[in-house]
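Novice: Just one file: work_28.pdb, with PDB, C-alpha atoms and all ligand atoms.
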```
ATOM      1  CA  MET A 274       0.000   0.000   0.000
ATOM      2  CA  ASP A 275       1.896   3.024  -1.306
ATOM      3  CA  CYS A 276      -0.436   5.767  -0.125
ATOM      4  CA  LEU A 277       0.410   7.146   3.330
ATOM      5  CA  GLY A 278      -3.229   8.185   3.851
ATOM      6  CA  CYS A 279      -4.468   4.658   3.052
ATOM      7  CA  ARG A 280      -1.864   3.301   5.465
ATOM      8  CA  ILE A 281      -3.171   5.628   8.201
ATOM      9  CA  VAL A 282      -6.796   4.651   7.454
ATOM     10  CA  ASN A 283      -5.826   0.981   7.795
ATOM     11  CA  ARG A 284      -3.750   1.554  10.953
ATOM     12  CA  LEU A 285      -0.562   0.424   9.233
ATOM     13  CA  GLU A 286       1.364   3.483  10.447
ATOM     14  CA  PRO A 287       2.590   4.003  14.011
ATOM     15  CA  HIS A 288       0.901   6.640  16.182
ATOM     16  CA  VAL A 289      -2.546   6.418  14.598
ATOM     17  CA  HIS A 290      -4.977   7.704  17.226
ATOM     18  CA  VAL A 291      -8.534   7.397  15.927
ATOM     19  CA  VAL A 292     -10.974   9.774  17.636
ATOM     20  CA  TYR A 293     -14.012   9.125  15.401
ATOM     21  CA  GLU A 294     -14.891   6.703  12.615
ATOM     22  CA  ASN A 295     -17.875   5.659  10.496
ATOM     23  CA  ASP A 296     -18.435   3.776   7.213
ATOM     24  CA  HIS A 297     -16.875   6.549   5.098
ATOM     25  CA  VAL A 298     -14.267   8.428   7.144
ATOM     26  CA  VAL A 299     -11.607   7.956   9.808
ATOM     27  CA  CYS A 300     -10.642  10.892  12.037
ATOM     28  CA  VAL A 301      -7.172  10.760  13.574
ATOM     29  CA  LEU A 302      -5.046  13.087  15.650
ATOM     30  CA  ASP A 303      -2.425  14.953  13.603
ATOM     31  CA  ILE A 304       1.018  13.619  14.619
ATOM     32  CA  ALA A 305       2.355  17.193  14.565
ATOM     33  CA  PRO A 306      -0.616  19.100  16.024
ATOM     34  CA  PHE A 307      -0.793  22.862  15.661
ATOM     35  CA  ASN A 308      -2.797  22.844  18.899
ATOM     36  CA  GLU A 309      -3.860  19.927  21.069
ATOM     37  CA  GLY A 310      -6.827  18.190  19.455
ATOM     38  CA  HIS A 311      -5.803  19.031  15.845
ATOM     39  CA  THR A 312      -7.625  16.313  13.908
ATOM     40  CA  LEU A 313      -7.428  14.993  10.350
ATOM     41  CA  ILE A 314     -10.514  13.621   8.603
ATOM     42  CA  LEU A 315      -9.558  11.026   5.966
ATOM     43  CA  THR A 316     -11.860   9.241   3.539
ATOM     44  CA  LYS A 317     -11.776   5.446   3.829
ATOM     45  CA  LYS A 318     -11.789   5.209   0.036
ATOM     46  CA  HIS A 319      -8.676   6.484  -1.668
ATOM     47  CA  PHE A 320      -9.235   9.903  -3.173
ATOM     48  CA  ARG A 321      -6.483  12.382  -3.678
ATOM     49  CA  GLU A 322      -8.493  15.494  -4.445
ATOM     50  CA  LEU A 323     -11.727  17.062  -3.221
ATOM     51  CA  ASP A 324     -13.108  17.257  -6.756
ATOM     52  CA  GLU A 325     -12.601  13.517  -7.372
ATOM     53  CA  MET A 326     -14.820  12.407  -4.521
ATOM     54  CA  ASP A 327     -18.234  10.731  -4.534
ATOM     55  CA  GLN A 328     -21.222  12.374  -2.858
ATOM     56  CA  LYS A 329     -21.299  10.012   0.113
ATOM     57  CA  SER A 330     -17.664  10.713   0.977
ATOM     58  CA  LEU A 331     -18.141  14.466   0.543
ATOM     59  CA  ALA A 332     -21.160  14.524   2.836
ATOM     60  CA  ALA A 333     -19.402  12.278   5.360
ATOM     61  CA  ILE A 334     -16.411  14.652   5.515
ATOM     62  CA  MET A 335     -18.596  17.684   6.185
ATOM     63  CA  ASN A 336     -20.658  15.823   8.758
ATOM     64  CA  ALA A 337     -17.481  14.564  10.453
ATOM     65  CA  SER A 338     -16.112  18.125  10.532
ATOM     66  CA  VAL A 339     -19.222  19.130  12.494
ATOM     67  CA  THR A 340     -18.803  16.213  14.907
ATOM     68  CA  ILE A 341     -15.107  16.966  15.455
ATOM     69  CA  SER A 342     -15.782  20.699  15.859
ATOM     70  CA  LYS A 343     -18.404  19.991  18.510
ATOM     71  CA  MET A 344     -16.014  17.664  20.359
ATOM     72  CA  LEU A 345     -13.183  20.215  20.189
ATOM     73  CA  LYS A 346     -15.467  22.949  21.520
ATOM     74  CA  ARG A 347     -16.620  20.771  24.412
ATOM     75  CA  ILE A 348     -13.126  19.541  25.342
ATOM     76  CA  TYR A 349     -10.951  22.627  24.718
ATOM     77  CA  LYS A 350     -13.316  25.633  24.730
ATOM     78  CA  PRO A 351     -11.331  27.190  21.846
ATOM     79  CA  ASP A 352     -11.803  30.760  20.615
ATOM     80  CA  GLY A 353     -12.573  29.289  17.186
ATOM     81  CA  ILE A 354     -12.104  26.339  14.849
ATOM     82  CA  THR A 355     -10.100  26.473  11.613
ATOM     83  CA  VAL A 356     -10.949  23.946   8.905
ATOM     84  CA  CYS A 357      -8.609  23.600   5.934
ATOM     85  CA  GLN A 358      -7.341  21.223   3.280
ATOM     86  CA  ASN A 359      -4.417  21.208   0.881
ATOM     87  CA  GLY A 360      -4.582  19.850  -2.656
ATOM     88  CA  GLY A 361      -2.106  18.854  -5.360
ATOM     89  CA  ILE A 362       1.566  19.136  -4.406
ATOM     90  CA  PHE A 363       0.507  20.658  -1.071
ATOM     91  CA  ASN A 364      -1.188  17.425   0.024
ATOM     92  CA  ASP A 365       1.560  15.627   1.959
ATOM     93  CA  LEU A 366      -0.429  12.406   2.502
ATOM     94  CA  THR A 367      -1.281  11.856  -1.214
ATOM     95  CA  HIS A 368      -4.783  11.104   0.148
ATOM     96  CA  TYR A 369      -7.585  13.579   0.764
ATOM     97  CA  HIS A 370      -7.681  14.864   4.322
ATOM     98  CA  MET A 371      -9.303  17.809   6.046
ATOM     99  CA  HIS A 372      -7.674  19.529   9.017
ATOM    100  CA  VAL A 373      -9.871  20.593  11.939
ATOM    101  CA  ILE A 374      -7.859  22.759  14.313
ATOM    102  CA  PRO A 375      -8.954  24.275  17.629
ATOM    103  CA  ARG A 376      -7.771  27.875  17.696
ATOM    104  CA  PHE A 377      -6.903  30.258  20.477
ATOM    105  CA  GLN A 378      -6.287  33.965  20.365
ATOM    106  CA  GLY A 379      -2.551  34.583  20.010
ATOM    107  CA  ASP A 380      -1.729  30.976  18.979
ATOM    108  CA  GLY A 381       0.259  32.213  15.989
ATOM    109  CA  PHE A 382      -1.760  30.452  13.305
ATOM    110  CA  ARG A 383      -2.037  32.855  10.420
ATOM    111  CA  TRP A 384      -3.180  33.326   6.891
ATOM    112  CA  SER A 385       0.154  34.329   5.397
ATOM    113  CA  GLU A 386       0.611  37.199   2.993
ATOM    114  CA  PRO A 387       1.407  36.257  -0.623
ATOM    115  CA  VAL A 388       5.082  36.430  -1.584
ATOM    116  CA  MET A 389       4.249  36.555  -5.312
ATOM    117  CA  GLU A 390       2.896  39.900  -6.448
ATOM    118  CA  HIS A 391      -0.263  39.280  -8.475
ATOM    119  CA  LYS A 392      -2.558  42.299  -7.906
ATOM    120  CA  ALA A 393      -5.581  39.980  -8.109
ATOM    121  CA  GLU A 394      -7.406  42.340  -5.755
ATOM    122  CA  THR A 395      -7.524  44.856  -8.626
ATOM    123  CA  ARG A 396      -9.200  42.356 -11.025
ATOM    124  CA  LEU A 397     -12.103  40.938  -9.002
ATOM    125  CA  ALA A 398     -14.702  41.641 -11.711
ATOM    126  CA  GLU A 399     -12.492  39.993 -14.373
ATOM    127  CA  THR A 400     -11.926  37.051 -12.064
ATOM    128  CA  ARG A 401     -15.684  36.657 -11.568
ATOM    129  CA  ASN A 402     -16.158  36.742 -15.353
ATOM    130  CA  LYS A 403     -13.605  33.926 -15.797
ATOM    131  CA  PHE A 404     -15.660  31.809 -13.409
ATOM    132  CA  LEU A 405     -18.913  32.589 -15.201
ATOM    133  CA  GLU A 406     -17.410  31.823 -18.632
ATOM    134  CA  GLU A 407     -15.943  28.545 -17.421
ATOM    135  CA  MET A 408     -19.204  27.513 -15.778
ATOM    136  CA  ARG A 409     -21.021  28.092 -19.062
ATOM    137  CA  ARG A 410     -18.392  25.927 -20.831
ATOM    138  CA  ILE A 411     -18.652  23.052 -18.408
ATOM    139  CA  ARG A 412     -22.397  23.183 -17.884
ATOM    140  CA  GLU A 413     -22.564  19.384 -18.261
ATOM    141  CA  VAL A 414     -20.708  19.085 -14.957
ATOM    142  CA  TRP A 415     -23.644  20.721 -13.204
ATOM    143  CA  GLU A 416     -26.060  18.413 -15.013
ATOM    144  CA  ASP A 417     -24.183  15.308 -13.865
ATOM    145  CA  PRO A 418     -26.723  13.345 -11.744
ATOM    146  CA  ASN A 419     -23.863  12.308  -9.477
ATOM    147  CA  LEU A 420     -23.449  15.969  -8.532
ATOM    148  CA  SER A 421     -27.061  16.918  -7.901
TER     149      SER A 421
HETATM  150 ZN    ZN B 501      -4.907   6.703  -0.147
END
```
Could I get this file's structure written as structure tokens?
Ligand SMILES: [Zn+2]

Specialist:
Amino acid sequence: MDCLGCRIVNRLEPHVHVVYENDHVVCVLDIAPFNEGHTLILTKKHFRELDEMDQKSLAAIMNASVTISKMLKRIYKPDGITVCQNGGIFNDLTHYHMHVIPRFQGDGFRWSEPVMEHKAETRLAETRNKFLEEMRRIREVWEDPNLS
């Protein structure tokens, strides 16, 4: 089994601490937590990207994020919860996973400033038009019964 995420799902890696599981997802503690309770939600089926997933897995991830958020709030009383995911070359498990992180004021977690100058903030209307044009082009995606 080459995929690190699949190995975690199947408990083939050391230090796998499952905090929640159902038919579609496994939720484990991050081995390098940003704060205590930092949890990863992994799909049991191998998917690498969010946009490759089936509806049941997608719904299960969102539902699990609610369950984990509620548990984190009860256990840690955080100031907030940050939910995030990294795709493509930024996905270090080569398997879809969502981070659910309890946050505290002053914990240092930050949305970093871009180091590449792009001035995208000056082209918001053009950006919106790109989306609208592309959605018209790929209309069949929205008519896919698997997506409705
Ligand atoms: Zn996998």

Novice: Which residues, written as a count of residues only, have at least one atom at most 8 Å from A:Gln358, with all atoms listed in the file counted and residues fewer than 2 positions away on the same chain left out?

Specialist: 6

Novice: So, with only C-alpha atoms and all ligand atoms as the atoms that count, which of A:Val299, A:Leu277, A:Ile411, A:Met389 lies closest to ligand ZN 501 (chain B)?

Specialist: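 The closest residue to ligand ZN 501 (chain B) is A:Leu277.
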
Novice: Measuring atom to atom with only C-alpha atoms, identify which of A:His368, A:Arg376, A:Arg321, A:Lys350 is nearest to A:Ile281.

Specialist: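 Once distances to A:Ile281 are computed over only C-alpha atoms, the minimum belongs to A:His368.
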
Novice: Can you list what the PyMOL selection byres (((chain A and resi 318) around 12) and not hetatm) grabs from this structure, as JSON, numbers by chain?

Specialist: {"A": [276, 278, 279, 280, 281, 282, 283, 296, 297, 298, 299, 315, 316, 317, 319, 320, 321, 322, 325, 326, 327, 329, 330, 331, 333, 334, 368, 369, 370]}

Novice: Please expand the PyMOL selection byres (((chain A and resi 301) around 6) and not hetatm) into the concrete residues it hits in this file, giving the result as a count of residues only.

Specialist: 7

Novice: Report the residues retrieved by the PyMOL selection byres (((chain A and resi 380-386) around 12) and not hetatm) from the displayed file, expressed as an mmCIF file with C-alpha atoms, in the coordinates of the input.

Specialist:
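The result, stored in expr_34.cif:
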```
data_model
loop_
_atom_site.group_PDB
_atom_site.id
_atom_site.type_symbol
_atom_site.label_atom_id
_atom_site.label_comp_id
_atom_site.auth_asym_id
_atom_site.auth_seq_id
_atom_site.Cartn_x
_atom_site.Cartn_y
_atom_site.Cartn_z
ATOM 1 C CA PRO A 306 -0.616 19.100 16.024
ATOM 2 C CA PHE A 307 -0.793 22.862 15.661
ATOM 3 C CA ASN A 308 -2.797 22.844 18.899
ATOM 4 C CA GLU A 309 -3.860 19.927 21.069
ATOM 5 C CA PRO A 351 -11.331 27.190 21.846
ATOM 6 C CA ASP A 352 -11.803 30.760 20.615
ATOM 7 C CA GLY A 353 -12.573 29.289 17.186
ATOM 8 C CA ILE A 354 -12.104 26.339 14.849
ATOM 9 C CA THR A 355 -10.100 26.473 11.613
ATOM 10 C CA CYS A 357 -8.609 23.600 5.934
ATOM 11 C CA ILE A 374 -7.859 22.759 14.313
ATOM 12 C CA PRO A 375 -8.954 24.275 17.629
ATOM 13 C CA ARG A 376 -7.771 27.875 17.696
ATOM 14 C CA PHE A 377 -6.903 30.258 20.477
ATOM 15 C CA GLN A 378 -6.287 33.965 20.365
ATOM 16 C CA GLY A 379 -2.551 34.583 20.010
ATOM 17 C CA PRO A 387 1.407 36.257 -0.623
ATOM 18 C CA VAL A 388 5.082 36.430 -1.584
ATOM 19 C CA MET A 389 4.249 36.555 -5.312
ATOM 20 C CA GLU A 390 2.896 39.900 -6.448
ATOM 21 C CA HIS A 391 -0.263 39.280 -8.475
#
```

Novice: Find, counting all atoms listed in the file, the residue in A:Val289, A:Leu366, A:Ile341, A:Leu397 that gets nearest to ligand ZN 501 (chain B).

Specialist: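 Among the listed residues, A:Leu366 lies closest to ligand ZN 501 (chain B).
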
Novice: So the first atom is atom CA of A:Gly310 and the second is atom CA of A:Glu294; what is the distance between them in Å, to one decimal place?

Specialist: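 These two atoms are separated by 15.6 Å.
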
Novice: Given only C-alpha atoms as the basis, pick out the residue of A:Arg396, A:Lys403, A:Lys346, A:Arg409 nearest to A:His311.

Specialist: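 Nearest to A:His311: A:Lys346.
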
Novice: As an exercise, work out the distance from atom CA of A:Thr367 to atom ZN of ligand ZN 501 (chain B) in Å and give it to one decimal place.

Specialist: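 Computing it gives 6.4 Å between the two atoms.
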
Novice: Pick from A:Ser342, A:Asp365, A:Pro287, A:Ile348: nearest to ligand ZN 501 (chain B), with all atoms listed in the file counted?

Specialist: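 Checking each of A:Ser342, A:Asp365, A:Pro287, A:Ile348 against ligand ZN 501 (chain B), counting all atoms listed in the file, the winner is A:Asp365.
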
Novice: Interatomic distance between atom CA of A:Ile314 and atom CA of A:Arg284?

Specialist: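 These atoms are spaced 14.0 Å apart.
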
Novice: Kindly indicate which residue among A:Val373, A:Met408, A:Leu323, A:Ala332 lies nearest to A:Leu345, using only C-alpha atoms for the distances.

Specialist: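 The closest residue to A:Leu345 is A:Val373.
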
Novice: Build an axis-aligned box that encloses every atom of stretch 326-336 of chain A listed in the file, pad it by 3 Å on each side, and report its centre and edge lengths in Å to one decimal, as AutoDock Vina command-line options.

Specialist:
```
--center_x -18.1 --center_y 13.8 --center_z 2.1 --size_x 12.5 --size_y 13.7 --size_z 19.3
```

Novice: Since the input lacks atoms, please generate N, CA and C atoms for stretch 306-330 of chain A and provide them as a tab-separated table (two decimals), in the coordinates of the input.

Specialist:
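To be explicit, this is the file written out as result-v3.tsv:
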```
chain	number	residue	atom	x	y	z
A	306	PRO	N	0.54	18.21	15.86
A	306	PRO	CA	-0.62	19.10	16.02
A	306	PRO	C	-0.23	20.57	16.14
A	307	PHE	N	-1.01	21.43	15.48
A	307	PHE	CA	-0.79	22.86	15.66
A	307	PHE	C	-1.23	23.26	17.06
A	308	ASN	N	-2.35	22.75	17.51
A	308	ASN	CA	-2.80	22.84	18.90
A	308	ASN	C	-3.29	21.47	19.31
A	309	GLU	N	-3.36	21.21	20.62
A	309	GLU	CA	-3.86	19.93	21.07
A	309	GLU	C	-5.26	19.71	20.53
A	310	GLY	N	-5.52	18.52	20.00
A	310	GLY	CA	-6.83	18.19	19.45
A	310	GLY	C	-6.91	18.33	17.94
A	311	HIS	N	-5.87	18.89	17.31
A	311	HIS	CA	-5.80	19.03	15.84
A	311	HIS	C	-6.07	17.67	15.21
A	312	THR	N	-7.14	17.59	14.45
A	312	THR	CA	-7.62	16.31	13.91
A	312	THR	C	-7.61	16.33	12.39
A	313	LEU	N	-7.35	15.17	11.80
A	313	LEU	CA	-7.43	14.99	10.35
A	313	LEU	C	-8.60	14.08	10.04
A	314	ILE	N	-9.41	14.47	9.08
A	314	ILE	CA	-10.51	13.62	8.60
A	314	ILE	C	-10.07	13.02	7.27
A	315	LEU	N	-9.96	11.70	7.20
A	315	LEU	CA	-9.56	11.03	5.97
A	315	LEU	C	-10.72	10.18	5.44
A	316	THR	N	-10.87	10.14	4.13
A	316	THR	CA	-11.86	9.24	3.54
A	316	THR	C	-11.33	7.82	3.60
A	317	LYS	N	-12.22	6.85	3.83
A	317	LYS	CA	-11.78	5.45	3.83
A	317	LYS	C	-11.40	5.01	2.42
A	318	LYS	N	-12.15	5.49	1.42
A	318	LYS	CA	-11.79	5.21	0.04
A	318	LYS	C	-10.64	6.12	-0.34
A	319	HIS	N	-9.78	5.64	-1.23
A	319	HIS	CA	-8.68	6.48	-1.67
A	319	HIS	C	-9.15	7.52	-2.67
A	320	PHE	N	-9.06	8.77	-2.26
A	320	PHE	CA	-9.24	9.90	-3.17
A	320	PHE	C	-8.06	10.82	-2.88
A	321	ARG	N	-7.57	11.44	-3.92
A	321	ARG	CA	-6.48	12.38	-3.68
A	321	ARG	C	-7.01	13.81	-3.56
A	322	GLU	N	-8.02	14.12	-4.37
A	322	GLU	CA	-8.49	15.49	-4.44
A	322	GLU	C	-9.98	15.61	-4.09
A	323	LEU	N	-10.34	16.75	-3.56
A	323	LEU	CA	-11.73	17.06	-3.22
A	323	LEU	C	-12.65	16.85	-4.41
A	324	ASP	N	-12.22	17.30	-5.59
A	324	ASP	CA	-13.11	17.26	-6.76
A	324	ASP	C	-13.15	15.89	-7.44
A	325	GLU	N	-12.53	14.88	-6.83
A	325	GLU	CA	-12.60	13.52	-7.37
A	325	GLU	C	-13.59	12.66	-6.58
A	326	MET	N	-14.10	13.22	-5.50
A	326	MET	CA	-14.82	12.41	-4.52
A	326	MET	C	-16.27	12.14	-4.87
A	327	ASP	N	-16.80	11.02	-4.37
A	327	ASP	CA	-18.23	10.73	-4.53
A	327	ASP	C	-19.04	11.49	-3.48
A	328	GLN	N	-20.35	11.58	-3.73
A	328	GLN	CA	-21.22	12.37	-2.86
A	328	GLN	C	-21.25	11.87	-1.43
A	329	LYS	N	-21.24	10.55	-1.25
A	329	LYS	CA	-21.30	10.01	0.11
A	329	LYS	C	-20.06	10.41	0.91
A	330	SER	N	-18.90	10.34	0.28
A	330	SER	CA	-17.66	10.71	0.98
A	330	SER	C	-17.66	12.20	1.29
```
